[in-house]
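Take a look at the structure below.
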Amino acid sequence: MRLKTAASLALLGLLILLAGIGQLTFWAPADTVTASAPGDTKAAPLTVIGQGFLDHQGGPSRITIKGEGNFVLAVGRPDDVDAWVGKTAHNTVSGVSEDGKSLQVASTEGEATAPAPAGSDLWVETESASGQLEYTWSPPAGGEWSLLLASDGTKPAPASISVTYPNDTAMPWAVPLIIFGSVIIAAGAAMPLLSRFLGARNGGNGGSGGGSGSKVPAEAGREAAGPAPLKGEAPQEKGGTTALRVLLAGALSAALAGAPLVAAQAAESPSPSASQGASAAADVPVLVDAQLKRILEQVANAVSAGDAARDAAKLKTRLGGTELLVRSQNYKIRAKISAYRAPMPVRASKLLGSVVTTQRSWPRTVVAVTQGDGNVVPQVLTLSQSAPRENYKLLATAPMQPGSSFPAIPLGGTKQSAADDKTGLLYSGNEAMAALADRLSKTESAFKTKLVEGTGSPYISDTLEYQKESVKAGSNGVFKFTHTPVPAETKVFRTSDGGALVVGRLDFVYATTPKTKGDTLIADKAAAVLAGKESSSVGTSQTFAESVAIYVPPTGSSEPMKLVAAFRWLTSASVK
């Protein structure tokens with residue numbers, strides 16, 4: 001009888017064990033699940049794939065996109081993608097349906113066309129394809145991201161999208177069944193041995209007094225065996241059956257205790273961290289390193305092409321503001337005066353430092369420190385993006401002053417301050433620029449000890465000397481020198497020590513009038529090229545653009561402001 005019970009237990013355990021194994025193998029759900037966009041999705045020139053979609057079940061393992069002809073997939077911050085889309089009609093893939101089989105797509109009415117997004121500086125990454133693209137999603141950096149799909153901005157964007165996700169369908173009873181089945185099999189195998197052991201033990205106890213020849217009274221034997229059961233009380237079980245029940249109960253308890261843990265683990269799915277959730281906030285830099293390096297390379301290539309051809313038209317895609325003016329005028333002068341000095345080349349081969357703003361509104365301004373062939377010292381480059389659909393343009397360059405050092409900037413981007421904001425600073429950006437203007441205009445400036453240059457930095461002292469020598473050399477002229485900040489170009493970035501880096505421009509005007517009526521003034525050769533004539537009996541004027549960078553200490557510091565970078569170029573002239 002015990003053998004039949006043991007065999008039955010073993011068979012039951014085997015069936016339970018197979019059921020558990022089956023849930024992990026031939027009954028297990030697929031490793032992945034695929035969801036597709038509805039076939040009736042309305043055509044639009046742009047398709048946006050949002051963060052909610054990318055977060056679903058820890059993110060897609062593969063995105064399959066099909067479209068007609070060539071198209072591009074771009075990766076950008078959600079606010080950048082939204083800004084690029086603007087008022088253009090578009091579809092937005094925001095998530096996955098509850099059954100996991102279809103994508104949730106919403107259509108937004110708007111303008112029928114948009115510029116082609118390929119080549120925009122907003123994107124961290126782009127993938128180009130023709131007909132079909134198999135894309136593996138991997139966040140390029142921390143924080144939130146969106147994807148943008150488009151052809152050329154006039155044709156419909158790809159609408160056939162399918163996404164493959166890891167399948168998180170849980171099989172919480174698989175492991176408990178395997179444990180429980182294994183224990184039952186073990187119990188069935190152990191039952192005959194356990195029963196035999198307990199039976200042998202009971203038999204040994206009953207014959208223990210035979211060797212002494214003494215006779216034990218029947219009453220004593222009954223007392224030794226224990227009191228008789230009361231009426232209505234169940235007889236006491238055999239030792240083997242009791243042990244078996246205890247063993248099975250323990251196995252069941254262990255299996256049941258393990259089930260909730262396994263289920264909980266299976267149900268867990270990655271979710272975006274709190275830091276990622278804040279990615280659209282103001283503390284996210286407007287560029288990642290890969291973007292900045294790519295932009296600098298394109299700027300450097302444009303400058304090289306323009307300089308080589310002395311053609312300002314080749315600069316206009318990547319230069320603007322002061323730098324475009326400086327090089328355009330320089331090309332005009334060098335076309336007439338071959339020996340006139342050329343601007344310093346712009347290189348992107350070595351990025352020594354960067355100042356990337358976390359101000360996500362437009363215009364956006366960033367600063368880079370680079371050096372390469374033809375750069376005796378590192379250059380401070382100021383770049384700006386005027387609007388989402390515009391690329392960054394180089395606005396100014398200034399070589400670092402010998403003996404100066406570039407201030408440390410917080411990792412992960414820095415905040416900007418308004419040019420007139422003095423919070424936490426010894427001087428506001430406007431005050432720093434005004435102080436430099438005063439230093440450049442007066443030998444005994446009130447800021448002589450409050451704004452200094454390095455021992456090897458010649459800019460301020462050279463400018464004062466240049467003005468002094470010009471007066472000496474011009475015996476028949478009256479000279480006036482002014483250095484005036486251009487407020488619209490003053491930008492302030494906070495540094496790691498609580499101070500600030502101020503970049504901007506001053507206009508240096510060198511005006512001359514005759515000392516005596518009838519005297520003739522002869523303009524500088526370069527000025528004459530820009531003015532169209534070289535002599536005047538009324539007056540001459542030259543304007544130089546001075547691109548500068550100044551370090552401003554934090555409030556409470558005893559350190560002076562420091563000139564970090566500076567240079568000037570002739571930009572206009574008049575001979576009256």
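Quick note on naming: the chains in the structure tokens go A, B, ... in the order shown, residues restart at 1 in each chain, and ligands are numbered from 1 in order of appearance.
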
Exercise for review: Give me the residues within 8 Å of Ala396 (chain A) as a ChimeraX atom specification, counting only C-alpha atoms and dropping any in the same chain fewer than 2 places off.
Suggested key: /A:321-323,381-383,394,398,547

Point to revise | Residue contacts of Gln329 (chain A) (12 Å, only C-alpha atoms) excluding same-chain residues fewer than 6 positions away, as a VMD selection string | key: chain A and resid 307 310 to 312 322 to 323 335 to 336 340 to 343 526 to 527 529 to 531 543 to 545 569 to 573

Dump of C-alpha atoms for the selected residues, as a compact mmCIF listing (two decimals), in the first residue's frame:
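Output file selection-v6.txt follows:
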```txt
# COMPACT_ATOMS: atom_id res chain seq x y z
CA ASP A 307 39.19 81.99 -46.95
CA ARG A 310 38.27 84.97 -50.61
CA ASP A 311 34.56 84.67 -51.29
CA ALA A 312 32.16 85.86 -48.60
CA THR A 322 30.71 90.31 -36.55
CA GLU A 323 32.68 87.40 -38.02
CA ALA A 335 41.97 91.96 -53.13
CA LYS A 336 43.72 95.37 -53.39
CA TYR A 340 47.38 92.74 -45.76
CA ARG A 341 47.10 90.19 -42.96
CA ALA A 342 44.53 87.42 -43.22
CA PRO A 343 42.24 86.43 -40.36
CA ALA A 526 43.27 99.61 -45.91
CA ALA A 527 40.82 102.31 -44.84
CA VAL A 529 40.05 100.59 -49.90
CA LEU A 530 36.88 100.46 -47.82
CA ALA A 531 36.19 104.18 -48.10
CA THR A 543 35.83 101.52 -37.23
CA PHE A 544 37.28 98.34 -35.79
CA ALA A 545 35.24 95.49 -34.34
CA TRP A 569 39.63 94.00 -37.20
CA LEU A 570 38.89 96.92 -39.49
CA THR A 571 35.26 96.74 -40.59
CA SER A 572 34.48 100.14 -42.11
CA ALA A 573 36.02 103.48 -43.04
```

Neighbouring residues of Val96 (chain A) were defined as those with any atom within 10 Å, considering only C-alpha atoms; residues of the same chain fewer than 4 positions away were excluded. Please report them as a short mmCIF file (atom, residue, chain, number, x, y, z; two decimals) with C-alpha atoms, in the first residue's frame.
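So the final result, stored in out_39.cif, reads:
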```cif
data_model
loop_
_atom_site.label_atom_id
_atom_site.label_comp_id
_atom_site.auth_asym_id
_atom_site.auth_seq_id
_atom_site.Cartn_x
_atom_site.Cartn_y
_atom_site.Cartn_z
CA ALA A 35 2.87 46.58 -32.38
CA SER A 36 2.07 48.39 -35.63
CA ALA A 37 0.61 51.75 -36.59
CA GLY A 52 5.97 57.90 -23.84
CA PHE A 53 6.34 55.53 -26.76
CA LEU A 54 10.09 55.18 -26.26
CA HIS A 56 7.03 51.68 -23.07
CA GLN A 57 8.24 48.47 -21.40
CA GLY A 100 0.01 45.68 -27.08
CA LYS A 101 -0.86 45.08 -30.72
CA SER A 102 -1.22 48.57 -32.15
CA LEU A 103 0.44 51.96 -31.81
CA GLN A 104 -1.48 54.98 -30.56
CA VAL A 105 -1.27 57.65 -33.27
CA VAL A 163 7.79 48.29 -33.09
#
```

Review point. Of the candidates A:Val502, A:Leu425, A:Ala7, A:Val303, which shows the shortest atom-to-atom distance to Ser557 (chain A), using only C-alpha atoms?
Key: A:Leu425

Revision key, fill the gap. One residue among A:Ala387, A:Val124, A:Ala348, A:Leu315 is nearest to Ala300 (chain A) when using only C-alpha atoms, and that residue is A:Ala348

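Going from CA of Asp80 (chain A) over to CA of Arg389 (chain A), you cover 9.7 Å.
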
Exercise for review: Report the residues of region 348-555 of chain A whose backbone DSSP state falls under strand (DSSP E or B), written as a VMD selection string.
Suggested key: chain A and resid 350 to 357 364 to 371 379 to 385 393 to 400 414 416 to 417 425 451 to 452 477 to 485 491 to 494 500 to 514 521 to 522 535 to 536 540 to 552 554

Point to revise | Nearest residue to Ala419 (chain A) from the set A:Thr516, A:Ser328, A:Thr490, A:Ser160 (distances using only C-alpha atoms) | key: A:Thr490

Check your understanding: Quick one: residues within 12 Å of Pro345 (chain A), only C-alpha atoms counted, chain neighbours fewer than 3 positions away excluded, as a PyMOL selection string?
Key -> chain A and resi 299-308+323+327+341-342+348-349+370-379+381+397-399

Practice item. Can you pull out every residue within 9 Å of Leu440 (chain A), counting only C-alpha atoms, but drop anything in the same chain fewer than 5 positions away, and send it as number ranges by chain? Key: A: 435, 445, 459-461, 463-464, 482-483

Skip Thr88 (chain A) itself and residues of its chain fewer than 3 positions away, then list as a short mmCIF file (atom, residue, chain, number, x, y, z; two decimals) with all heavy atoms, in the first residue's frame all residues within 6 Å of it, counting only C-alpha atoms.
```cif
data_model
loop_
_atom_site.label_atom_id
_atom_site.label_comp_id
_atom_site.auth_asym_id
_atom_site.auth_seq_id
_atom_site.Cartn_x
_atom_site.Cartn_y
_atom_site.Cartn_z
N VAL A 85 8.91 71.15 -35.51
CA VAL A 85 7.61 70.86 -36.13
C VAL A 85 6.78 72.13 -36.22
O VAL A 85 6.16 72.42 -37.25
CB VAL A 85 6.86 69.78 -35.32
CG1 VAL A 85 5.43 69.62 -35.82
CG2 VAL A 85 7.60 68.44 -35.41
N GLY A 110 -2.37 71.24 -39.72
CA GLY A 110 -1.45 72.38 -39.77
C GLY A 110 -0.97 72.63 -41.18
O GLY A 110 -1.60 72.22 -42.16
N GLU A 111 0.17 73.30 -41.28
CA GLU A 111 0.75 73.64 -42.58
C GLU A 111 1.13 72.37 -43.33
O GLU A 111 1.57 71.38 -42.73
CB GLU A 111 1.96 74.54 -42.38
CG GLU A 111 1.61 75.87 -41.73
CD GLU A 111 2.84 76.67 -41.33
OE1 GLU A 111 3.96 76.15 -41.51
OE2 GLU A 111 2.67 77.79 -40.81
#
```

**Study point:** Thr423 (chain A) environment, 12 Å, only C-alpha atoms, sequence neighbours closer than 4 positions dropped, as an MDAnalysis selection string
**Key:** chainID A and resid 416:419 427:429 492 494 498:500 552:556

Save out the residues we just selected, N, CA and C atoms, as a CSV table (one decimal), in the first residue's frame.
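This is the output file part_39.csv:
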```csv
chain,number,residue,atom,x,y,z
A,416,GLN,N,22.8,81.0,-18.2
A,416,GLN,CA,23.1,82.3,-18.7
A,416,GLN,C,22.5,83.4,-17.8
A,417,SER,N,23.1,84.5,-17.7
A,417,SER,CA,22.5,85.7,-17.0
A,417,SER,C,22.2,86.8,-18.0
A,418,ALA,N,21.3,87.6,-17.7
A,418,ALA,CA,21.0,88.8,-18.5
A,418,ALA,C,22.2,89.7,-18.4
A,419,ALA,N,22.5,90.5,-19.5
A,419,ALA,CA,23.7,91.3,-19.5
A,419,ALA,C,23.7,92.4,-18.4
A,427,TYR,N,30.4,92.4,-11.0
A,427,TYR,CA,30.0,93.4,-12.0
A,427,TYR,C,29.0,92.6,-13.0
A,428,SER,N,28.1,93.3,-13.5
A,428,SER,CA,27.2,92.7,-14.5
A,428,SER,C,28.0,92.6,-15.8
A,429,GLY,N,27.4,91.9,-16.8
A,429,GLY,CA,28.1,91.9,-18.1
A,429,GLY,C,28.2,93.2,-18.8
A,492,VAL,N,26.4,86.5,-21.2
A,492,VAL,CA,27.0,86.2,-19.9
A,492,VAL,C,26.7,84.8,-19.5
A,494,ARG,N,27.6,81.7,-16.6
A,494,ARG,CA,28.1,81.5,-15.2
A,494,ARG,C,29.2,80.4,-15.2
A,498,GLY,N,31.1,80.4,-9.5
A,498,GLY,CA,30.0,81.4,-9.2
A,498,GLY,C,30.2,82.7,-9.9
A,499,GLY,N,31.4,82.9,-10.6
A,499,GLY,CA,31.6,84.1,-11.4
A,499,GLY,C,31.0,84.0,-12.8
A,500,ALA,N,31.5,84.6,-13.8
A,500,ALA,CA,30.9,84.6,-15.1
A,500,ALA,C,31.9,84.9,-16.2
A,552,VAL,N,34.6,87.6,-14.9
A,552,VAL,CA,34.1,88.4,-13.8
A,552,VAL,C,34.0,87.6,-12.6
A,553,PRO,N,34.7,88.0,-11.5
A,553,PRO,CA,34.7,87.2,-10.2
A,553,PRO,C,33.3,87.2,-9.6
A,554,PRO,N,33.0,86.3,-8.7
A,554,PRO,CA,31.8,86.3,-7.9
A,554,PRO,C,31.8,87.3,-6.8
A,555,THR,N,30.6,87.7,-6.3
A,555,THR,CA,30.5,88.6,-5.2
A,555,THR,C,31.3,88.2,-4.0
A,556,GLY,N,32.0,89.1,-3.4
A,556,GLY,CA,32.9,88.8,-2.3
A,556,GLY,C,34.3,88.5,-2.6
```

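Here CA of Gly477 (chain A) stands at a distance of 4.6 Å from CA of Lys515 (chain A).
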
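The interatomic distance for the pair CA of Ser97 (chain A) and CA of Pro38 (chain A) works out to 11.0 Å.
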
Check your understanding: When distances are computed from only C-alpha atoms, which of A:Glu444, A:Glu534, A:Asp289, A:Asp420 shows the smallest separation from Ser574 (chain A)?
Key -> A:Glu534

Those in region 318-457 of chain A with helix (DSSP H, G or I) from DSSP, as a compact mmCIF listing (two decimals) with N, CA, C and O atoms, in the first residue's frame:
```txt
# COMPACT_ATOMS: atom_id res chain seq x y z
N GLY A 321 26.88 87.90 -38.26
CA GLY A 321 27.27 88.94 -37.33
C GLY A 321 28.65 89.50 -37.58
O GLY A 321 29.07 89.73 -38.71
N THR A 322 29.38 89.68 -36.48
CA THR A 322 30.71 90.31 -36.55
C THR A 322 31.67 89.53 -37.42
O THR A 322 32.42 90.11 -38.23
N GLU A 323 31.69 88.19 -37.30
CA GLU A 323 32.68 87.40 -38.02
C GLU A 323 32.46 87.45 -39.52
O GLU A 323 33.44 87.52 -40.30
N LEU A 324 31.21 87.42 -39.97
CA LEU A 324 30.94 87.54 -41.40
C LEU A 324 31.37 88.91 -41.91
O LEU A 324 31.98 89.03 -42.99
N LEU A 325 31.10 89.95 -41.15
CA LEU A 325 31.51 91.31 -41.52
C LEU A 325 33.03 91.42 -41.60
O LEU A 325 33.58 91.97 -42.56
N VAL A 326 33.71 90.91 -40.58
CA VAL A 326 35.17 91.00 -40.52
C VAL A 326 35.82 90.34 -41.72
O VAL A 326 36.68 90.92 -42.41
N ARG A 327 35.40 89.11 -42.04
CA ARG A 327 36.05 88.39 -43.14
C ARG A 327 35.64 88.96 -44.50
O ARG A 327 36.46 89.00 -45.43
N SER A 328 34.41 89.39 -44.62
CA SER A 328 33.99 90.00 -45.90
C SER A 328 34.82 91.23 -46.20
O SER A 328 35.31 91.41 -47.34
N GLN A 329 35.00 92.09 -45.20
CA GLN A 329 35.80 93.31 -45.40
C GLN A 329 37.28 92.98 -45.61
O GLN A 329 37.97 93.64 -46.40
N ASN A 330 37.74 91.95 -44.92
CA ASN A 330 39.14 91.55 -45.08
C ASN A 330 39.41 91.07 -46.50
O ASN A 330 40.46 91.38 -47.09
N TYR A 331 38.46 90.32 -47.08
CA TYR A 331 38.64 89.86 -48.46
C TYR A 331 38.72 91.04 -49.43
O TYR A 331 39.50 91.04 -50.37
N LYS A 332 37.90 92.07 -49.19
CA LYS A 332 37.93 93.26 -50.05
C LYS A 332 39.28 93.96 -49.99
O LYS A 332 39.83 94.36 -51.02
N ILE A 333 39.79 94.08 -48.77
CA ILE A 333 41.08 94.77 -48.61
C ILE A 333 42.20 93.97 -49.26
O ILE A 333 43.05 94.52 -49.99
N ARG A 334 42.21 92.65 -49.05
CA ARG A 334 43.29 91.83 -49.58
C ARG A 334 43.23 91.69 -51.10
O ARG A 334 44.23 91.35 -51.75
N ALA A 335 42.07 91.95 -51.66
CA ALA A 335 41.97 91.96 -53.13
C ALA A 335 42.77 93.12 -53.72
O ALA A 335 43.23 93.06 -54.87
N LYS A 336 42.97 94.18 -52.94
CA LYS A 336 43.72 95.37 -53.39
C LYS A 336 45.13 95.42 -52.77
O LYS A 336 46.05 95.94 -53.39
N GLY A 429 27.41 91.93 -16.83
CA GLY A 429 28.07 91.86 -18.13
C GLY A 429 28.22 93.23 -18.77
O GLY A 429 29.28 93.55 -19.33
N ASN A 430 27.19 94.05 -18.67
CA ASN A 430 27.27 95.40 -19.25
C ASN A 430 28.33 96.24 -18.55
O ASN A 430 29.07 97.00 -19.19
N GLU A 431 28.41 96.10 -17.22
CA GLU A 431 29.42 96.85 -16.47
C GLU A 431 30.83 96.40 -16.82
O GLU A 431 31.76 97.23 -16.90
N ALA A 432 31.01 95.11 -17.03
CA ALA A 432 32.33 94.59 -17.40
C ALA A 432 32.76 95.13 -18.77
O ALA A 432 33.92 95.53 -18.96
N MET A 433 31.83 95.16 -19.72
CA MET A 433 32.16 95.69 -21.05
C MET A 433 32.45 97.18 -20.98
O MET A 433 33.37 97.69 -21.65
N ALA A 434 31.70 97.90 -20.16
CA ALA A 434 31.96 99.34 -20.01
C ALA A 434 33.31 99.59 -19.36
O ALA A 434 34.03 100.54 -19.71
N ALA A 435 33.66 98.72 -18.39
CA ALA A 435 34.97 98.86 -17.73
C ALA A 435 36.10 98.64 -18.72
O ALA A 435 37.11 99.37 -18.71
N LEU A 436 35.96 97.65 -19.62
CA LEU A 436 36.99 97.42 -20.63
C LEU A 436 37.08 98.62 -21.59
O LEU A 436 38.18 99.03 -21.98
N ALA A 437 35.94 99.15 -21.97
CA ALA A 437 35.95 100.32 -22.85
C ALA A 437 36.70 101.48 -22.21
O ALA A 437 37.48 102.19 -22.88
N ASP A 438 36.52 101.66 -20.91
CA ASP A 438 37.21 102.73 -20.20
C ASP A 438 38.71 102.45 -20.13
O ASP A 438 39.52 103.37 -20.33
N ARG A 439 39.07 101.19 -19.89
CA ARG A 439 40.50 100.83 -19.83
C ARG A 439 41.19 101.08 -21.17
O ARG A 439 42.35 101.50 -21.22
N LEU A 440 40.48 100.79 -22.27
CA LEU A 440 41.07 100.96 -23.59
C LEU A 440 41.13 102.42 -24.03
O LEU A 440 41.88 102.78 -24.95
N SER A 441 40.36 103.27 -23.36
CA SER A 441 40.30 104.68 -23.75
C SER A 441 41.22 105.57 -22.93
O SER A 441 41.64 106.63 -23.40
```
